[in-house]
Amino acid sequence: MFRHTDHLQFDVAPEKPDPVYARKLQELIGGAYGEMTVTMQYLFQGWNCRMKGKYKDLIMDIATEEIGHVEMLATMVARLLEGAPATESTKNAAMDPVVAAVMGGMDPQQAIVSGGGPNLADSNGVPWNGRFIVASGNLLADFRANVAAEAQGRVQTARLWHMTDDPGVKAMLKFNLARDTYHQNMWLAAIEELQADGLEGVVAPNDLFDQEYEEHASTLWHLSDGTESDKGRWAHGTAPDGRHENKFLADPQPLGNVQSGPPPDPKLYATYDGGLGEPSNAALGTEKGVMGKIKETLDPNAG
């Protein structure tokens with residue numbers, strides 16, 4: 001259950017309308033690293049968390065906070081659009097088509113679609129996409145994604161800080177910057193606690209190390225023209241997981257055969273000279289592979 005209160009988490013009071021900045025601020029609402037992304041990311045992480053207690057409670061606290069951040073930004077955009085487009089900046093732009101083209105003006109959808117309010121879209125009007133969110137169920141992988149999301153969000157907020165001189169807007173951004181600072185530190189602390197509690201290691205997931213090709217689990221392949229990639233600790237010494245010794249491979253060689261797809265199906269009309277032979281006939285069930293078929297023959301119940 002969610003319960004809404006009429007009061008904003010922090011005050012939203014721009015000194016004057018600014019439709020151009022309102023469009024820029026849309027990035028913090030509906031961009032890939034905007035508040036809508038972290039809201040839904042944390043909500044789904046919380047709903048998908050299979051443990052009661054501090055981790056689930058933490059995720060749900062922050063998820064609910066982020067809903068309030070969306071509300072703050074949406075309200076700020078609406079107040080920045082108040083009176084638009086009849087503002088001094090857009091009047092000046094309208095007098096000169098070249099200046100108008102450079103400025104870009106407000107997002108027309110803010111007027112046409114949402115009636116002078118915010119959209120669930122980024123600063124170019126591209127709609128927010130649920131594919132932005134990360135909620136895997138593995139808390140180590142998810143918390144690392146959260147650190148990255150908060151870092152990118154704070155970078156964008158800091159850039160927007162320098163794009164306005166409105167004291168009211170800056171006051172809200174001061175609050176947002178501070179919360180992003182805390183959230184980065186918070187997720188980093190949560191990662192450390194996951195490891196201290198023995199729930200996760202350093203590499204996610206903490207499994208299948210005996211199945212992977214271990215000789216490839218600790219080597220930096222030198223595959224660019226740069227000459228200093230081996231200077232960092234990632235190329236020497238013990239890896240952060242404590243079980244691998246980092247190495248540097250100065251002249252890596254390909255381990256696979258010459259790249260080539262199979263002969264194409266003629267009904268798909270790929271340009272083809274016959275050099276790879278005839279295509280195979282379509283066959284169902286081949287996803288089990290040869291060994292899978294043998295096991296199925298020996299034990300029909302094994303599937």
# chains A, B, ... in the order shown; residues from 1 in each chain; ligands from 1
$ select_by_dssp --residues "stretch 91-279 of chain A" --states "strand (DSSP E)" --output "list in words"
Thr219, Leu220, Trp221, Gly237, Thr238, Glu245, Asn246, Lys247, Phe248 and Leu249 of chain A
$ residues_around --residues "stretch 41-44 of chain A" --least-positions-apart "3" --cutoff "9 Å" --atoms "only C-alpha atoms" --output "list in words"
Met36, Thr37, Val38, Trp47, Asn48, Cys49, Ile59, Met60, Ile62, Ala63, Thr64, Glu66, Gly130, Phe132, Ile133, Val134, Ala135, Ser136, Asp142 and Asn146 of chain A
$ write_last_selection --atoms "all heavy atoms" --output "short mmCIF file (atom, residue, chain, number, x, y, z; two decimals), in the first residue's frame"
data_model
loop_
_atom_site.label_atom_id
_atom_site.label_comp_id
_atom_site.auth_asym_id
_atom_site.auth_seq_id
_atom_site.Cartn_x
_atom_site.Cartn_y
_atom_site.Cartn_z
N MET A 36 12.43 8.72 -12.61
CA MET A 36 11.48 7.66 -12.90
C MET A 36 12.19 6.31 -13.00
O MET A 36 11.67 5.28 -12.55
CB MET A 36 10.73 7.96 -14.21
CG MET A 36 9.61 6.98 -14.50
SD MET A 36 8.31 7.05 -13.24
CE MET A 36 7.26 5.71 -13.81
N THR A 37 13.39 6.32 -13.55
CA THR A 37 14.14 5.07 -13.66
C THR A 37 14.50 4.52 -12.29
O THR A 37 14.25 3.35 -12.00
CB THR A 37 15.42 5.29 -14.49
OG1 THR A 37 15.06 5.56 -15.84
CG2 THR A 37 16.30 4.05 -14.46
N VAL A 38 15.06 5.37 -11.42
CA VAL A 38 15.45 4.83 -10.11
C VAL A 38 14.22 4.49 -9.27
O VAL A 38 14.23 3.54 -8.49
CB VAL A 38 16.40 5.79 -9.35
CG1 VAL A 38 17.77 5.79 -10.00
CG2 VAL A 38 15.85 7.20 -9.26
N TRP A 47 10.26 -5.36 -4.53
CA TRP A 47 9.22 -6.38 -4.68
C TRP A 47 9.83 -7.75 -5.00
O TRP A 47 9.24 -8.78 -4.69
CB TRP A 47 8.25 -5.96 -5.79
CG TRP A 47 7.45 -4.75 -5.44
CD1 TRP A 47 7.05 -4.34 -4.19
CD2 TRP A 47 6.96 -3.75 -6.35
NE1 TRP A 47 6.34 -3.16 -4.28
CE2 TRP A 47 6.26 -2.78 -5.58
CE3 TRP A 47 7.02 -3.59 -7.73
CZ2 TRP A 47 5.65 -1.68 -6.16
CZ3 TRP A 47 6.40 -2.49 -8.30
CH2 TRP A 47 5.73 -1.54 -7.54
N ASN A 48 11.00 -7.74 -5.63
CA ASN A 48 11.65 -8.98 -6.03
C ASN A 48 12.60 -9.52 -4.97
O ASN A 48 13.16 -10.60 -5.13
CB ASN A 48 12.41 -8.77 -7.34
CG ASN A 48 12.70 -10.06 -8.08
OD1 ASN A 48 12.00 -11.06 -7.90
ND2 ASN A 48 13.72 -10.08 -8.90
N CYS A 49 12.80 -8.78 -3.88
CA CYS A 49 13.72 -9.22 -2.83
C CYS A 49 13.07 -10.34 -2.03
O CYS A 49 11.94 -10.18 -1.53
CB CYS A 49 14.08 -8.05 -1.91
SG CYS A 49 15.24 -8.49 -0.60
N ILE A 59 15.55 -0.92 0.55
CA ILE A 59 15.18 -0.69 -0.85
C ILE A 59 13.83 0.00 -0.94
O ILE A 59 13.65 0.95 -1.71
CB ILE A 59 15.15 -2.04 -1.62
CG1 ILE A 59 16.53 -2.70 -1.62
CG2 ILE A 59 14.69 -1.81 -3.05
CD1 ILE A 59 16.51 -4.15 -2.09
N MET A 60 12.87 -0.44 -0.14
CA MET A 60 11.53 0.14 -0.22
C MET A 60 11.51 1.57 0.31
O MET A 60 10.74 2.41 -0.19
CB MET A 60 10.52 -0.73 0.53
CG MET A 60 10.31 -2.11 -0.10
SD MET A 60 9.88 -2.07 -1.87
CE MET A 60 8.36 -1.12 -1.85
N ILE A 62 13.95 3.77 -0.04
CA ILE A 62 14.52 4.63 -1.09
C ILE A 62 13.60 4.67 -2.30
O ILE A 62 13.45 5.72 -2.93
CB ILE A 62 15.93 4.15 -1.48
CG1 ILE A 62 16.82 4.06 -0.23
CG2 ILE A 62 16.56 5.11 -2.48
CD1 ILE A 62 16.89 5.32 0.59
N ALA A 63 12.97 3.55 -2.62
CA ALA A 63 12.04 3.54 -3.75
C ALA A 63 10.92 4.54 -3.52
O ALA A 63 10.55 5.30 -4.43
CB ALA A 63 11.46 2.13 -3.93
N THR A 64 10.38 4.56 -2.32
CA THR A 64 9.28 5.48 -2.02
C THR A 64 9.76 6.92 -2.01
O THR A 64 9.04 7.84 -2.45
CB THR A 64 8.63 5.09 -0.68
OG1 THR A 64 8.31 3.70 -0.69
CG2 THR A 64 7.36 5.88 -0.45
N GLU A 66 12.03 8.10 -3.93
CA GLU A 66 12.22 8.51 -5.32
C GLU A 66 10.89 8.88 -6.00
O GLU A 66 10.88 9.72 -6.90
CB GLU A 66 12.91 7.40 -6.12
CG GLU A 66 14.31 7.01 -5.63
CD GLU A 66 15.34 8.11 -5.81
OE1 GLU A 66 15.02 9.19 -6.28
OE2 GLU A 66 16.52 7.85 -5.49
N GLY A 130 10.70 1.32 -19.76
CA GLY A 130 10.91 0.40 -18.66
C GLY A 130 12.15 -0.46 -18.80
O GLY A 130 12.61 -1.05 -17.81
N PHE A 132 14.98 0.61 -19.08
CA PHE A 132 16.07 1.29 -18.38
C PHE A 132 16.38 0.64 -17.03
O PHE A 132 17.48 0.78 -16.52
CB PHE A 132 15.74 2.76 -18.13
CG PHE A 132 15.61 3.62 -19.37
CD1 PHE A 132 14.81 4.75 -19.37
CD2 PHE A 132 16.29 3.30 -20.53
CE1 PHE A 132 14.71 5.56 -20.49
CE2 PHE A 132 16.19 4.10 -21.67
CZ PHE A 132 15.39 5.22 -21.65
N ILE A 133 15.40 -0.02 -16.44
CA ILE A 133 15.57 -0.44 -15.05
C ILE A 133 16.31 -1.78 -14.94
O ILE A 133 16.28 -2.60 -15.85
CB ILE A 133 14.23 -0.51 -14.29
CG1 ILE A 133 13.44 -1.77 -14.67
CG2 ILE A 133 13.41 0.74 -14.51
CD1 ILE A 133 12.34 -2.09 -13.70
N VAL A 134 16.97 -1.97 -13.80
CA VAL A 134 17.69 -3.20 -13.48
C VAL A 134 17.11 -3.75 -12.19
O VAL A 134 17.13 -3.08 -11.16
CB VAL A 134 19.20 -2.94 -13.31
CG1 VAL A 134 19.91 -4.22 -12.87
CG2 VAL A 134 19.81 -2.40 -14.59
N ALA A 135 16.56 -4.95 -12.24
CA ALA A 135 16.01 -5.61 -11.05
C ALA A 135 16.14 -7.11 -11.25
O ALA A 135 15.20 -7.77 -11.68
CB ALA A 135 14.56 -5.20 -10.82
N SER A 136 17.33 -7.65 -10.94
CA SER A 136 17.65 -9.03 -11.28
C SER A 136 17.31 -10.03 -10.18
O SER A 136 17.27 -11.22 -10.43
CB SER A 136 19.15 -9.14 -11.58
OG SER A 136 19.91 -8.96 -10.39
N ASP A 142 22.37 -5.83 -8.39
CA ASP A 142 21.42 -4.72 -8.39
C ASP A 142 21.98 -3.49 -7.68
O ASP A 142 21.84 -2.36 -8.16
CB ASP A 142 20.11 -5.14 -7.71
CG ASP A 142 19.27 -6.07 -8.59
OD1 ASP A 142 19.63 -6.26 -9.77
OD2 ASP A 142 18.26 -6.59 -8.09
N ASN A 146 22.63 0.28 -8.95
CA ASN A 146 22.09 1.45 -8.26
C ASN A 146 23.15 2.53 -8.06
O ASN A 146 22.87 3.72 -8.19
CB ASN A 146 21.51 1.03 -6.91
CG ASN A 146 20.32 0.09 -7.04
OD1 ASN A 146 19.83 -0.14 -8.14
ND2 ASN A 146 19.90 -0.48 -5.94
#
$ residues_around --residues "A:Ala158" --least-positions-apart "3" --cutoff "10 Å" --atoms "only C-alpha atoms" --output "list in words"
Gln152, Gly153, Arg154, Val155, Trp161, His162, Met163, Leu173, Lys174, Asn176 and Leu177 of chain A
$ closest_residue --among "A:Asp210, A:Asp6, A:Asp11, A:Glu193" --to "A:Phe175" --atoms "only C-alpha atoms"
A:Asp11
$ residues_around --residues "A:Pro14" --least-positions-apart "2" --cutoff "6 Å" --atoms "only C-alpha atoms" --output "mmCIF file with N, CA and C atoms, in the first residue's frame"
data_model
loop_
_atom_site.group_PDB
_atom_site.id
_atom_site.type_symbol
_atom_site.label_atom_id
_atom_site.label_comp_id
_atom_site.auth_asym_id
_atom_site.auth_seq_id
_atom_site.Cartn_x
_atom_site.Cartn_y
_atom_site.Cartn_z
ATOM 1 N N LYS A 16 11.077 32.524 -11.637
ATOM 2 C CA LYS A 16 10.419 32.990 -12.864
ATOM 3 C C LYS A 16 10.223 31.814 -13.813
ATOM 4 N N GLY A 168 15.506 29.672 -7.018
ATOM 5 C CA GLY A 168 14.533 28.665 -6.605
ATOM 6 C C GLY A 168 14.839 27.298 -7.193
ATOM 7 N N VAL A 169 15.230 27.285 -8.456
ATOM 8 C CA VAL A 169 15.603 26.026 -9.092
ATOM 9 C C VAL A 169 16.860 25.471 -8.445
#
$ closest_residue --among "A:Ala171, A:Met106, A:Leu223, A:Leu188" --to "A:Ala141" --atoms "only C-alpha atoms"
A:Leu188
$ select_by_dssp --residues "stretch 35-282 of chain A" --states "alpha helix (DSSP H)" --output "VMD selection string"
chain A and resid 35 to 48 54 to 80 88 to 95 97 to 103 108 to 112 139 to 161 167 to 196
$ residues_around --residues "A:Glu245" --least-positions-apart "6" --cutoff "10 Å" --atoms "only C-alpha atoms" --output "PyMOL selection string"
chain A and resi 217-219+234-239
